[in-house]
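Note: the block below is my_file22.cif and it holds mmCIF, C-alpha atoms and all ligand atoms.
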```cif
data_coords
#
loop_
_atom_site.label_atom_id
_atom_site.label_comp_id
_atom_site.auth_asym_id
_atom_site.auth_seq_id
_atom_site.Cartn_x
_atom_site.Cartn_y
_atom_site.Cartn_z
CA MET M 3 25.01 -1.63 27.41
CA LYS M 4 27.03 -1.72 24.17
CA ARG M 5 25.15 -0.47 21.11
CA CYS M 6 26.01 -0.11 17.42
CA ARG M 7 27.75 3.22 16.90
CA GLN M 8 25.74 4.00 13.78
CA CYS M 9 22.23 2.79 14.57
CA THR M 10 21.04 1.85 18.06
CA LEU M 11 20.98 -1.97 18.08
CA PRO M 12 22.23 -3.36 21.40
CA GLU M 13 24.53 -6.28 22.12
CA THR M 14 21.50 -8.15 23.48
CA TYR M 15 19.81 -8.18 20.05
CA PRO M 16 19.79 -11.78 18.75
CA GLY M 17 22.54 -12.62 16.28
CA ILE M 18 24.14 -9.18 16.30
CA THR M 19 27.81 -8.82 15.43
CA PHE M 20 29.94 -5.68 15.63
CA ASP M 21 33.02 -4.95 13.53
CA THR M 22 36.18 -3.43 14.99
CA GLN M 23 34.61 0.04 14.62
CA GLY M 24 31.62 -1.06 16.70
CA VAL M 25 29.25 -1.05 13.71
CA CYS M 26 26.59 -3.78 13.39
CA GLN M 27 26.15 -6.06 10.36
CA PHE M 28 22.82 -4.41 9.42
CA CYS M 29 24.53 -1.02 9.05
CA ARG M 30 27.47 -2.54 7.16
CA THR M 31 25.22 -4.01 4.45
CA TYR M 32 22.88 -1.01 4.24
CA GLY M 33 22.51 0.17 0.61
CA GLU M 34 23.83 3.44 -0.82
CA GLY M 35 21.64 6.54 -0.84
CA GLU M 36 21.49 7.26 -4.57
CA SER M 37 20.25 3.86 -5.70
CA ILE M 38 17.65 3.81 -2.93
CA ARG M 39 16.35 7.24 -3.95
CA GLN M 40 16.08 6.04 -7.53
CA ARG M 41 14.28 2.86 -6.55
CA ARG M 42 11.84 4.83 -4.41
CA ALA M 43 11.02 7.14 -7.30
CA THR M 44 10.41 4.13 -9.55
CA LEU M 45 8.09 2.58 -6.98
CA ARG M 46 6.08 5.80 -6.65
CA GLU M 47 5.61 5.91 -10.40
CA ARG M 48 4.69 2.25 -10.64
CA PHE M 49 2.17 2.55 -7.81
CA ALA M 50 0.53 5.60 -9.42
CA GLN M 51 0.29 3.72 -12.74
CA LEU M 52 -1.15 0.60 -11.15
CA LEU M 53 -3.65 2.66 -9.20
CA ALA M 54 -4.79 4.24 -12.47
CA THR M 55 -5.23 0.90 -14.25
CA GLU M 56 -6.81 -0.94 -11.29
CA ARG M 57 -9.12 1.90 -10.27
CA ARG M 58 -12.68 0.89 -9.40
CA PRO M 59 -15.04 3.59 -10.62
CA ASN M 60 -17.85 2.20 -8.45
CA GLY M 61 -16.00 1.14 -5.36
CA TYR M 62 -12.93 1.51 -3.18
CA ASP M 63 -9.42 1.49 -4.71
CA CYS M 64 -7.52 0.79 -1.59
CA LEU M 65 -8.15 -0.82 1.78
CA VAL M 66 -6.01 0.89 4.42
CA ALA M 67 -5.04 -0.92 7.61
CA TYR M 68 -5.79 2.04 9.85
CA SER M 69 -4.54 2.02 13.44
CA GLY M 70 -5.28 5.69 14.08
CA GLY M 71 -1.59 6.27 14.83
CA LYS M 72 0.57 8.90 13.24
CA ASP M 73 1.87 6.83 10.32
CA SER M 74 -1.37 5.29 9.13
CA SER M 75 -3.19 8.63 9.52
CA TYR M 76 -0.60 10.15 7.21
CA LEU M 77 -0.91 7.18 4.87
CA LEU M 78 -4.64 7.74 4.57
CA ALA M 79 -4.08 11.42 3.75
CA LEU M 80 -1.35 10.56 1.25
CA LEU M 81 -3.57 8.10 -0.60
CA ALA M 82 -6.67 10.28 -0.61
CA ARG M 83 -4.95 13.57 -1.43
CA GLU M 84 -1.67 12.90 -3.26
CA TYR M 85 -2.67 9.78 -5.14
CA GLY M 86 -6.33 10.69 -5.52
CA ALA M 87 -7.39 7.20 -4.43
CA ARG M 88 -10.70 6.28 -2.85
CA PRO M 89 -9.66 4.44 0.30
CA LEU M 90 -11.64 2.44 2.82
CA ALA M 91 -10.07 2.66 6.28
CA LEU M 92 -10.19 -0.57 8.29
CA THR M 93 -9.42 -0.51 12.01
CA LEU M 94 -8.94 -3.43 14.33
CA ASP M 95 -9.83 -2.01 17.74
CA ASN M 96 -8.18 -4.28 20.30
CA GLY M 97 -10.11 -2.56 23.09
CA PHE M 98 -7.01 -0.80 24.39
CA LEU M 99 -6.81 2.15 22.03
CA SER M 100 -6.18 5.49 23.64
CA PRO M 101 -9.42 7.53 23.80
CA GLN M 102 -7.54 10.23 21.90
CA ALA M 103 -6.77 7.70 19.13
CA LEU M 104 -10.50 7.08 18.65
CA VAL M 105 -11.09 10.84 18.42
CA ASN M 106 -8.18 11.15 15.97
CA MET M 107 -9.54 8.42 13.71
CA ASP M 108 -12.89 10.12 13.58
CA ARG M 109 -11.37 13.53 12.81
CA VAL M 110 -9.00 12.25 10.14
CA THR M 111 -11.57 10.13 8.29
CA GLN M 112 -14.17 12.91 8.48
CA SER M 113 -11.70 15.57 7.28
CA LEU M 114 -10.66 13.41 4.35
CA GLY M 115 -14.18 12.17 3.64
CA VAL M 116 -13.05 8.56 3.89
CA ASP M 117 -15.33 5.65 4.86
CA HIS M 118 -14.25 3.83 8.00
CA LEU M 119 -14.88 0.28 9.15
CA ILE M 120 -14.06 -0.70 12.74
CA ILE M 121 -13.91 -4.28 13.99
CA LYS M 122 -13.67 -4.43 17.77
CA VAL M 123 -12.02 -7.47 19.29
CA PRO M 124 -13.65 -8.96 22.43
CA VAL M 125 -11.39 -8.33 25.44
CA GLU M 126 -11.39 -12.06 26.18
CA ILE M 127 -9.29 -12.70 23.07
CA MET M 128 -6.72 -10.14 24.22
CA ARG M 129 -6.74 -11.71 27.72
CA GLN M 130 -5.87 -15.10 26.31
CA ILE M 131 -3.13 -13.74 24.06
CA TYR M 132 -1.65 -11.77 26.95
CA ALA M 133 -1.75 -14.69 29.37
CA ARG M 134 -0.03 -16.94 26.87
CA SER M 135 2.60 -14.38 25.90
CA GLN M 136 3.70 -14.23 29.53
CA ARG M 137 4.21 -17.98 29.75
CA GLN M 138 6.00 -18.79 26.51
CA PRO M 139 6.89 -17.24 23.12
CA LEU M 140 3.77 -16.98 20.98
CA PHE M 141 5.55 -16.67 17.63
CA ALA M 142 8.79 -17.67 15.93
CA ALA M 143 12.01 -16.08 17.19
CA LYS M 144 12.37 -13.95 14.07
CA THR M 145 8.87 -12.52 14.41
CA LEU M 146 9.53 -11.58 18.03
CA GLN M 147 12.62 -9.67 16.97
CA ARG M 148 10.36 -7.28 15.08
CA GLY M 149 7.95 -6.60 17.92
CA SER M 150 6.32 -7.90 21.07
CA ALA M 151 4.05 -10.95 20.93
CA ILE M 152 0.95 -8.87 21.69
CA CYS M 153 1.84 -6.33 19.04
CA MET M 154 2.61 -9.01 16.45
CA ALA M 155 -0.68 -10.76 17.30
CA CYS M 156 -2.68 -7.61 16.53
CA ILE M 157 -0.61 -6.94 13.40
CA GLY M 158 -1.20 -10.52 12.25
CA LEU M 159 -4.95 -10.25 12.85
CA VAL M 160 -5.28 -6.96 11.01
CA LYS M 161 -3.14 -8.11 8.10
CA PHE M 162 -5.23 -11.15 7.28
CA LEU M 163 -8.50 -9.43 8.14
CA ALA M 164 -7.56 -6.69 5.64
CA LEU M 165 -6.75 -9.29 2.98
CA ARG M 166 -10.01 -11.09 3.60
CA CYS M 167 -11.96 -7.86 3.47
CA ALA M 168 -10.24 -6.72 0.24
CA ILE M 169 -10.94 -10.06 -1.46
CA GLU M 170 -14.59 -10.02 -0.39
CA ARG M 171 -15.09 -6.44 -1.53
CA GLN M 172 -12.90 -6.73 -4.63
CA ILE M 173 -10.58 -3.91 -3.54
CA PRO M 174 -7.38 -4.04 -5.63
CA PHE M 175 -4.89 -2.69 -3.05
CA VAL M 176 -4.25 -3.23 0.65
CA ALA M 177 -2.06 -0.49 2.09
CA PHE M 178 0.00 -0.66 5.29
CA GLY M 179 1.80 2.13 7.15
CA TRP M 180 5.24 0.48 7.11
CA SER M 181 7.90 3.10 7.76
CA PRO M 182 11.08 3.11 5.64
CA GLY M 183 13.38 0.29 6.68
CA GLN M 184 10.65 -1.84 8.27
CA VAL M 185 10.24 -3.95 5.13
CA PRO M 186 12.80 -4.33 2.28
CA LEU M 187 12.09 -1.82 -0.48
CA SER M 188 11.52 -4.60 -3.03
CA GLY M 189 8.68 -5.88 -0.84
CA THR M 190 6.72 -2.64 -0.59
CA LEU M 191 4.62 -3.14 -3.74
CA ILE M 192 3.75 -6.76 -4.48
CA LYS M 193 0.78 -8.59 -5.96
CA SER M 194 -0.18 -11.21 -3.39
CA GLN M 195 -0.34 -14.86 -4.45
CA PRO M 196 -2.75 -17.38 -2.88
CA ALA M 197 -0.11 -20.08 -2.31
CA MET M 198 2.24 -17.75 -0.48
CA ILE M 199 -0.52 -16.08 1.53
CA ARG M 200 -1.73 -19.54 2.56
CA ALA M 201 1.73 -20.43 3.85
CA MET M 202 2.11 -17.08 5.61
CA GLN M 203 -1.34 -17.30 7.14
CA ARG M 204 -0.54 -20.70 8.62
CA ALA M 205 2.41 -19.22 10.52
CA THR M 206 0.17 -16.56 12.09
CA PHE M 207 -3.07 -18.50 12.41
CA GLU M 208 -1.79 -21.64 14.09
CA PRO M 209 -0.23 -20.04 17.17
CA LEU M 210 -3.29 -17.82 17.66
CA TYR M 211 -5.74 -20.65 17.08
CA ALA M 212 -3.87 -22.73 19.67
CA VAL M 213 -4.47 -19.99 22.24
CA VAL M 214 -7.82 -18.51 21.30
CA GLY M 215 -9.57 -21.27 19.34
CA GLU M 216 -12.47 -20.82 16.94
CA ALA M 217 -12.91 -17.14 17.81
CA VAL M 218 -9.96 -16.16 15.57
CA ARG M 219 -11.31 -17.77 12.41
CA PRO M 220 -13.28 -14.74 11.17
CA TYR M 221 -10.03 -12.73 10.99
CA PHE M 222 -8.43 -15.11 8.50
CA LEU M 223 -8.99 -16.28 4.93
CA GLU M 224 -11.11 -19.35 4.26
CA GLU M 225 -10.95 -21.79 1.36
CA ARG M 226 -13.42 -19.73 -0.64
CA HIS M 227 -11.07 -16.75 -0.44
CA PHE M 228 -8.09 -18.80 -1.62
CA ARG M 229 -10.12 -20.01 -4.58
CA ALA M 230 -10.73 -16.41 -5.72
CA ALA M 231 -7.16 -16.08 -7.01
CA ASP M 232 -8.01 -13.24 -9.39
CA ARG M 233 -9.19 -11.13 -6.47
CA PHE M 234 -5.92 -11.24 -4.54
CA PRO M 235 -4.85 -7.62 -4.01
CA TYR M 236 -1.55 -5.80 -4.28
CA LEU M 237 0.12 -5.28 -0.90
CA VAL M 238 1.63 -1.84 -0.72
CA GLY M 239 3.51 0.24 1.85
CA PRO M 240 3.58 3.72 0.28
CA LEU M 241 5.30 5.44 3.23
CA ALA M 242 8.40 3.31 2.61
CA PHE M 243 8.87 4.85 -0.84
CA SER M 244 7.51 8.33 -0.14
CA PRO M 245 9.39 11.25 1.39
CA TYR M 246 9.17 10.45 5.10
CA ARG M 247 9.83 13.32 7.47
CA GLU M 248 8.48 13.48 10.97
CA ASP M 249 7.77 17.25 10.81
CA ARG M 250 5.91 16.98 7.50
CA ILE M 251 3.90 14.03 8.72
CA MET M 252 2.89 15.90 11.87
CA ALA M 253 1.99 19.08 9.96
CA SER M 254 -0.12 17.11 7.50
CA ILE M 255 -2.13 15.15 10.05
CA GLU M 256 -2.47 17.98 12.55
CA SER M 257 -4.15 19.99 9.81
CA LEU M 258 -6.74 17.18 9.75
CA GLY M 259 -7.36 17.51 13.50
CA TRP M 260 -5.02 14.74 14.71
CA LYS M 261 -3.50 15.26 18.19
CA ARG M 262 -0.79 13.14 19.80
CA PRO M 263 -2.25 11.07 22.66
CA THR M 264 -0.59 11.81 25.99
CA ASP M 265 -1.37 8.45 27.57
CA THR M 266 0.52 6.08 25.20
CA ASP M 267 4.20 5.17 25.57
CA ALA M 268 7.05 6.72 23.58
CA ASN M 269 6.74 4.27 20.69
CA SER M 270 3.01 4.20 20.07
CA SER M 271 0.66 6.95 19.00
CA ASN M 272 -2.51 4.91 19.39
CA CYS M 273 -2.33 1.84 21.67
CA LEU M 274 -2.16 1.78 25.48
CA LEU M 275 -1.42 -1.92 25.63
CA ASN M 276 1.94 -1.29 23.97
CA SER M 277 3.56 -0.28 27.25
CA LEU M 278 2.62 -3.56 28.93
CA ALA M 279 3.53 -5.58 25.83
CA ASN M 280 6.97 -3.93 25.82
CA ARG M 281 7.54 -4.75 29.45
CA VAL M 282 6.66 -8.42 29.02
CA HIS M 283 8.96 -8.62 26.01
CA LYS M 284 11.92 -6.91 27.68
CA ARG M 285 11.70 -9.24 30.67
CA GLN M 286 11.63 -12.34 28.48
CA PHE M 287 14.11 -11.45 25.77
CA HIS M 288 16.30 -8.71 27.29
CA PHE M 289 15.91 -6.31 24.39
CA HIS M 290 13.28 -3.68 23.67
CA PRO M 291 10.73 -4.88 21.06
CA TYR M 292 11.18 -1.60 19.16
CA GLU M 293 14.95 -2.07 18.74
CA PHE M 294 14.60 -3.27 15.14
CA GLU M 295 12.19 -0.55 14.06
CA ILE M 296 14.03 2.32 15.75
CA ALA M 297 17.41 1.16 14.42
CA GLY M 298 15.85 1.20 10.93
CA LEU M 299 14.60 4.78 11.39
CA VAL M 300 18.02 5.90 12.65
CA ARG M 301 19.77 4.19 9.73
CA GLU M 302 17.40 5.93 7.32
CA GLY M 303 18.19 9.29 8.92
CA ILE M 304 14.57 9.79 10.02
CA LEU M 305 15.45 9.84 13.71
CA SER M 306 18.75 11.01 15.14
CA ARG M 307 20.59 8.42 17.19
CA GLU M 308 19.80 10.43 20.34
CA GLU M 309 16.08 10.56 19.52
CA GLY M 310 16.10 6.81 18.92
CA LEU M 311 17.83 6.12 22.21
CA ALA M 312 15.40 8.40 24.03
CA ARG M 313 12.47 6.32 22.76
CA LEU M 314 14.16 3.08 23.75
CA THR M 315 15.00 4.18 27.26
CA ALA M 316 11.84 6.18 28.11
CA GLY M 317 10.36 5.27 31.49
CA GLU M 318 7.22 3.25 32.09
CA ASP M 319 3.89 4.56 33.35
CA ALA M 320 3.49 2.28 36.38
CA GLN M 321 -0.14 3.29 37.02
CA LEU M 322 -1.14 2.62 33.44
CA ILE M 323 0.57 -0.77 33.48
CA HIS M 324 -1.23 -1.66 36.70
CA ARG M 325 -4.61 -0.71 35.19
CA LEU M 326 -3.86 -2.80 32.11
CA GLU M 327 -2.89 -5.82 34.17
CA GLU M 328 -6.16 -5.52 36.07
CA ARG M 329 -8.18 -5.48 32.86
CA LEU M 330 -6.28 -8.42 31.46
CA ARG M 331 -6.60 -10.60 34.54
CA PRO M 332 -8.25 -13.89 33.59
CA SER M 333 -12.02 -13.63 33.97
CA THR M 334 -12.33 -17.16 35.42
CA ASP M 335 -9.88 -19.43 37.19
CA MET W 24 28.32 -23.37 -8.74
CA VAL W 25 25.26 -25.06 -7.24
CA SER W 26 27.08 -25.67 -3.99
CA GLU W 27 28.24 -22.05 -3.93
CA VAL W 28 24.61 -20.84 -4.25
CA LYS W 29 23.58 -23.24 -1.51
CA HIS W 30 26.36 -22.05 0.75
CA LEU W 31 25.40 -18.38 0.31
CA VAL W 32 21.69 -19.06 0.80
CA ARG W 33 22.27 -21.10 3.94
CA ARG W 34 24.59 -18.48 5.34
CA PHE W 35 22.01 -15.75 4.71
CA ILE W 36 19.29 -17.77 6.44
CA CYS W 37 21.49 -18.47 9.45
CA GLU W 38 22.60 -14.85 9.81
CA ASN W 39 19.33 -13.13 9.02
CA PHE W 40 16.89 -15.49 10.72
CA ILE W 41 19.19 -16.36 13.61
CA VAL W 42 19.20 -20.13 13.27
CA ARG W 43 22.04 -22.63 13.38
CA GLU W 44 23.17 -24.74 10.44
CA GLU W 45 21.97 -27.89 12.19
CA ASP W 46 18.47 -26.44 12.75
CA PHE W 47 17.27 -27.01 9.17
CA THR W 48 17.97 -29.34 6.28
CA ASP W 49 17.94 -28.36 2.63
CA ASP W 50 14.48 -29.91 2.25
CA ASP W 51 12.80 -28.40 5.30
CA SER W 52 9.86 -26.07 4.71
CA MET W 53 11.11 -22.91 6.35
CA LEU W 54 7.66 -21.36 6.66
CA GLU W 55 6.29 -24.49 8.29
CA LYS W 56 9.27 -24.75 10.63
CA GLN W 57 8.67 -21.07 11.43
CA ILE W 58 12.22 -20.14 10.50
CA ILE W 59 10.95 -17.53 8.06
CA ASP W 60 7.92 -15.33 8.76
CA SER W 61 5.91 -13.28 6.29
CA THR W 62 8.21 -10.25 6.40
CA GLY W 63 11.12 -12.68 6.24
CA VAL W 64 9.93 -13.89 2.83
CA LEU W 65 10.33 -10.33 1.55
CA GLU W 66 13.82 -10.14 3.08
CA LEU W 67 14.74 -13.40 1.38
CA VAL W 68 13.49 -12.10 -1.98
CA ALA W 69 15.50 -8.87 -1.58
CA PHE W 70 18.60 -10.93 -0.74
CA LEU W 71 18.25 -13.19 -3.78
CA GLN W 72 17.75 -10.24 -6.13
CA GLU W 73 20.76 -8.43 -4.79
CA GLN W 74 23.11 -11.34 -4.26
CA PHE W 75 22.51 -13.13 -7.55
CA GLY W 76 21.29 -10.25 -9.70
CA ILE W 77 18.19 -12.14 -10.76
CA PRO W 78 14.87 -10.42 -11.45
CA ILE W 79 12.06 -11.79 -9.27
CA ALA W 80 8.51 -11.10 -10.40
CA ASP W 81 5.53 -11.01 -8.06
CA GLU W 82 4.27 -14.32 -9.44
CA ASP W 83 7.62 -15.93 -8.57
CA ILE W 84 7.03 -15.34 -4.87
CA THR W 85 5.53 -18.74 -4.10
CA PRO W 86 6.35 -21.53 -1.64
CA ASP W 87 7.24 -23.73 -4.65
CA ASN W 88 10.15 -21.42 -5.41
CA LEU W 89 11.18 -20.20 -1.99
CA ASP W 90 10.13 -22.47 0.83
CA SER W 91 13.26 -24.63 1.19
CA VAL W 92 16.99 -24.27 0.49
CA GLU W 93 16.69 -26.89 -2.24
CA ARG W 94 13.83 -25.02 -3.91
CA ILE W 95 15.58 -21.68 -3.62
CA CYS W 96 18.72 -23.09 -5.29
CA ALA W 97 16.72 -24.58 -8.16
CA PHE W 98 14.86 -21.30 -8.55
CA VAL W 99 18.07 -19.24 -8.61
CA GLN W 100 19.51 -21.65 -11.17
CA ARG W 101 16.47 -21.36 -13.46
CA LYS W 102 16.41 -17.59 -13.19
CA SER W 103 20.14 -17.26 -13.82
CA ASN W 104 20.04 -19.53 -16.86
CA ALA W 105 17.45 -17.20 -18.35
CA ILE W 106 20.05 -14.41 -18.32
CA PRO W 107 23.41 -15.79 -19.52
CA SER W 108 25.54 -12.82 -18.50
CA THR W 109 24.15 -12.88 -14.99
CA ALA W 110 24.80 -16.59 -14.70
CA MET W 111 28.47 -15.88 -15.26
CA ALA W 112 28.63 -13.18 -12.65
CA MET W 113 26.48 -15.14 -10.26
CA ALA W 114 27.47 -15.43 -6.65
CA SER W 115 30.26 -12.94 -7.16
CA ARG W 116 28.43 -9.81 -6.11
CA ARG W 117 28.72 -9.48 -2.40
CA THR W 118 31.41 -12.05 -1.84
CA LEU W 119 34.00 -9.70 -3.32
ZN ZN Z 401 23.93 -0.64 13.31
#
```

Just dump the structure as structure tokens.
Ligand SMILES: [Zn+2]
Amino acid sequence: MKRCRQCTLPETYPGITFDTQGVCQFCRTYGEGESIRQRRATLRERFAQLLATERRPNGYDCLVAYSGGKDSSYLLALLAREYGARPLALTLDNGFLSPQALVNMDRVTQSLGVDHLIIKVPVEIMRQIYARSQRQPLFAAKTLQRGSAICMACIGLVKFLALRCAIERQIPFVAFGWSPGQVPLSGTLIKSQPAMIRAMQRATFEPLYAVVGEAVRPYFLEERHFRAADRFPYLVGPLAFSPYREDRIMASIESLGWKRPTDTDANSSNCLLNSLANRVHKRQFHFHPYEFEIAGLVREGILSREEGLARLTAGEDAQLIHRLEERLRPSTD
Amino acid sequence: MVSEVKHLVRRFICENFIVREEDFTDDDSMLEKQIIDSTGVLELVAFLQEQFGIPIADEDITPDNLDSVERICAFVQRKSNAIPSTAMAMASRRTL
């Protein structure tokens, strides 16, 4: 399969074009190093300043969408230790987290002395999402270029649940573990606005409501939340403007007791379902759902091209996939 | 100049969100039509800042300003008029 010679994007990626050198359009328009470094430094400063002015002496500063994976574990440590924030970790447990991920979350939050809230999703919701994702695309084409339907469903749920929780608890920041390149730099520190969040929520809520029904409502904002405009938090992705090096991340979180799960696939450090979600996606769309993310990491110089390719072509654990399919089989016919 | 902005915006949407010209009109709500998703809004904002050299504040990121091609063009126009020198250089950045 033909792939971009600079990043790893394949010819099967929607809308891709290669120039005569075999370089994709995303690499051609990628910004220069110096200005990006400068912009990252400015964002770090601005975030530190905002954190100081918005600080809640009697509550949490920052709600962290905490998956228990490598990136969000590091994010929690970064906020608590480097920025001196008082975070609240929020986990959406989809019922398919690796047992090691649950141990890791406990160790990391205990080591950092961070409070931790876990919302566990009933398996029936995941069954319905899985069944639907096999039949037809659950989300817009663009969304499914960033990840598999199942992955994007969980990300959507946790995103709006985090917003809802921050508004209810008057927490001024919601932090996500976006890696560099996953979101444009200018979008990594933004004060959310009710009108825009309402429009964004609709795009996530409607497809999920169509599949799952009333059971998804508690994960999303209600009218009363939209009316509390002054409580809308900043959305921030500190990893995207912080020094991001795999070895430093690992050293930092391993010192907190974090261990890499051995039962997840090459692209997840917390969720078992990922391997099945990837397979469904590859069969439907003929590209790996991590193409976009890995290409971003290669472009940023965080992964070598070879490391990126290794993650994209790693084999599947057939036994694990079989067990997952069994658990996700419809409960009634 | 307005048609040049429109041309560049439409081209960006087609290339970045993988849609065809005939898939959306200038008045269509792109969030409602699911052409743009929530991360896509941030990509659109980054594009407008870079392409037209306009500053976009957090409070500018609303559907009123960004949800259709027509609205985006009006928004770019308003922002550019606020900075005369930028208005002159508008649309010339990445087309060179
Ligand atoms: Zn490339």

Within 9 Å of ligand ZN 401 (chain Z), counting only C-alpha atoms and all ligand atoms: which residues, as a list in words?
Arg5, Cys6, Arg7, Gln8, Cys9, Thr10, Leu11, Pro12, Phe20, Gly24, Val25, Cys26, Gln27, Phe28, Cys29, Arg30, Ala297, Gly298, Val300 and Arg301 of chain M

Report as a ChimeraX atom specification all protein, DNA and RNA residues lying within 9 Å of region 77-92 of chain W, evaluated on only C-alpha atoms, omitting residues in the same chain fewer than 2 positions from it.
/M:192-199,201 /W:29,32-33,48-55,59,64-65,67-69,71-75,94-99,102-103,106,109-110,113

Mind listing as a PyMOL selection string which residues of chain M are within 10 Å of chain W, counting all atoms listed in the file?
chain M and resi 16-19+27-28+31+141-145+147-148+158+184-206+236

Restricted to C-alpha atoms, what would the selected residues look like written as a PDB file, keeping the file's coordinate frame?
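Writing the result to part.pdb gives the following:
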```pdb
ATOM      1  CA  PRO M  16      19.790 -11.780  18.750  1.00  0.00           C
ATOM      2  CA  GLY M  17      22.540 -12.620  16.280  1.00  0.00           C
ATOM      3  CA  ILE M  18      24.140  -9.180  16.300  1.00  0.00           C
ATOM      4  CA  THR M  19      27.810  -8.820  15.430  1.00  0.00           C
ATOM      5  CA  GLN M  27      26.150  -6.060  10.360  1.00  0.00           C
ATOM      6  CA  PHE M  28      22.820  -4.410   9.420  1.00  0.00           C
ATOM      7  CA  THR M  31      25.220  -4.010   4.450  1.00  0.00           C
ATOM      8  CA  PHE M 141       5.550 -16.670  17.630  1.00  0.00           C
ATOM      9  CA  ALA M 142       8.790 -17.670  15.930  1.00  0.00           C
ATOM     10  CA  ALA M 143      12.010 -16.080  17.190  1.00  0.00           C
ATOM     11  CA  LYS M 144      12.370 -13.950  14.070  1.00  0.00           C
ATOM     12  CA  THR M 145       8.870 -12.520  14.410  1.00  0.00           C
ATOM     13  CA  GLN M 147      12.620  -9.670  16.970  1.00  0.00           C
ATOM     14  CA  ARG M 148      10.360  -7.280  15.080  1.00  0.00           C
ATOM     15  CA  GLY M 158      -1.200 -10.520  12.250  1.00  0.00           C
ATOM     16  CA  GLN M 184      10.650  -1.840   8.270  1.00  0.00           C
ATOM     17  CA  VAL M 185      10.240  -3.950   5.130  1.00  0.00           C
ATOM     18  CA  PRO M 186      12.800  -4.330   2.280  1.00  0.00           C
ATOM     19  CA  LEU M 187      12.090  -1.820  -0.480  1.00  0.00           C
ATOM     20  CA  SER M 188      11.520  -4.600  -3.030  1.00  0.00           C
ATOM     21  CA  GLY M 189       8.680  -5.880  -0.840  1.00  0.00           C
ATOM     22  CA  THR M 190       6.720  -2.640  -0.590  1.00  0.00           C
ATOM     23  CA  LEU M 191       4.620  -3.140  -3.740  1.00  0.00           C
ATOM     24  CA  ILE M 192       3.750  -6.760  -4.480  1.00  0.00           C
ATOM     25  CA  LYS M 193       0.780  -8.590  -5.960  1.00  0.00           C
ATOM     26  CA  SER M 194      -0.180 -11.210  -3.390  1.00  0.00           C
ATOM     27  CA  GLN M 195      -0.340 -14.860  -4.450  1.00  0.00           C
ATOM     28  CA  PRO M 196      -2.750 -17.380  -2.880  1.00  0.00           C
ATOM     29  CA  ALA M 197      -0.110 -20.080  -2.310  1.00  0.00           C
ATOM     30  CA  MET M 198       2.240 -17.750  -0.480  1.00  0.00           C
ATOM     31  CA  ILE M 199      -0.520 -16.080   1.530  1.00  0.00           C
ATOM     32  CA  ARG M 200      -1.730 -19.540   2.560  1.00  0.00           C
ATOM     33  CA  ALA M 201       1.730 -20.430   3.850  1.00  0.00           C
ATOM     34  CA  MET M 202       2.110 -17.080   5.610  1.00  0.00           C
ATOM     35  CA  GLN M 203      -1.340 -17.300   7.140  1.00  0.00           C
ATOM     36  CA  ARG M 204      -0.540 -20.700   8.620  1.00  0.00           C
ATOM     37  CA  ALA M 205       2.410 -19.220  10.520  1.00  0.00           C
ATOM     38  CA  THR M 206       0.170 -16.560  12.090  1.00  0.00           C
ATOM     39  CA  TYR M 236      -1.550  -5.800  -4.280  1.00  0.00           C
TER      40      TYR M 236
END
```

Given the choices M:Asp63, M:Glu208, M:Glu47, M:Asp117, which gets closest to Gly86 (chain M) if the distance is worked out from only C-alpha atoms?
M:Asp63

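Note that the spacing between CA of Tyr68 (chain M) and CA of Leu163 (chain M) amounts to 11.9 Å.
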
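Put simply, CA of Leu52 (chain M) is 13.3 Å away from CA of Ala177 (chain M).
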
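The space between CA of Leu330 (chain M) and CA of Phe289 (chain M) spans 23.4 Å.
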
Please work out which residues fall within 12 Å of (5.0, 13.3, 9.5), coordinates as given in the file, with only C-alpha atoms counting, and return them as a ChimeraX atom specification.
/M:71-77,79-80,179,181,241,244-257,260,262,304-305

Go ahead and write the residues just picked, C-alpha atoms, as a compact mmCIF listing (two decimals), in the frame of the given file.
```
# COMPACT_ATOMS: atom_id res chain seq x y z
CA GLY M 71 -1.59 6.27 14.83
CA LYS M 72 0.57 8.90 13.24
CA ASP M 73 1.87 6.83 10.32
CA SER M 74 -1.37 5.29 9.13
CA SER M 75 -3.19 8.63 9.52
CA TYR M 76 -0.60 10.15 7.21
CA LEU M 77 -0.91 7.18 4.87
CA ALA M 79 -4.08 11.42 3.75
CA LEU M 80 -1.35 10.56 1.25
CA GLY M 179 1.80 2.13 7.15
CA SER M 181 7.90 3.10 7.76
CA LEU M 241 5.30 5.44 3.23
CA SER M 244 7.51 8.33 -0.14
CA PRO M 245 9.39 11.25 1.39
CA TYR M 246 9.17 10.45 5.10
CA ARG M 247 9.83 13.32 7.47
CA GLU M 248 8.48 13.48 10.97
CA ASP M 249 7.77 17.25 10.81
CA ARG M 250 5.91 16.98 7.50
CA ILE M 251 3.90 14.03 8.72
CA MET M 252 2.89 15.90 11.87
CA ALA M 253 1.99 19.08 9.96
CA SER M 254 -0.12 17.11 7.50
CA ILE M 255 -2.13 15.15 10.05
CA GLU M 256 -2.47 17.98 12.55
CA SER M 257 -4.15 19.99 9.81
CA TRP M 260 -5.02 14.74 14.71
CA ARG M 262 -0.79 13.14 19.80
CA ILE M 304 14.57 9.79 10.02
CA LEU M 305 15.45 9.84 13.71
```

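You can rank M:Leu275, M:Ile173, M:Leu159, M:Leu326 by their closest distance to Pro209 (chain M) using only C-alpha atoms, and at the top of that list sits M:Leu159.
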
Protein/DNA/RNA residues near (-7.9, -11.5, 3.6), cut 10 Å, all atoms listed in the file, as a list of chain:residue names
M:Leu159, M:Val160, M:Lys161, M:Phe162, M:Leu163, M:Ala164, M:Leu165, M:Arg166, M:Cys167, M:Ala168, M:Ile169, M:Glu170, M:Val176, M:Ile199, M:Gln203, M:Pro220, M:Tyr221, M:Phe222, M:Leu223, M:Glu224, M:His227, M:Phe228, M:Phe234, M:Pro235
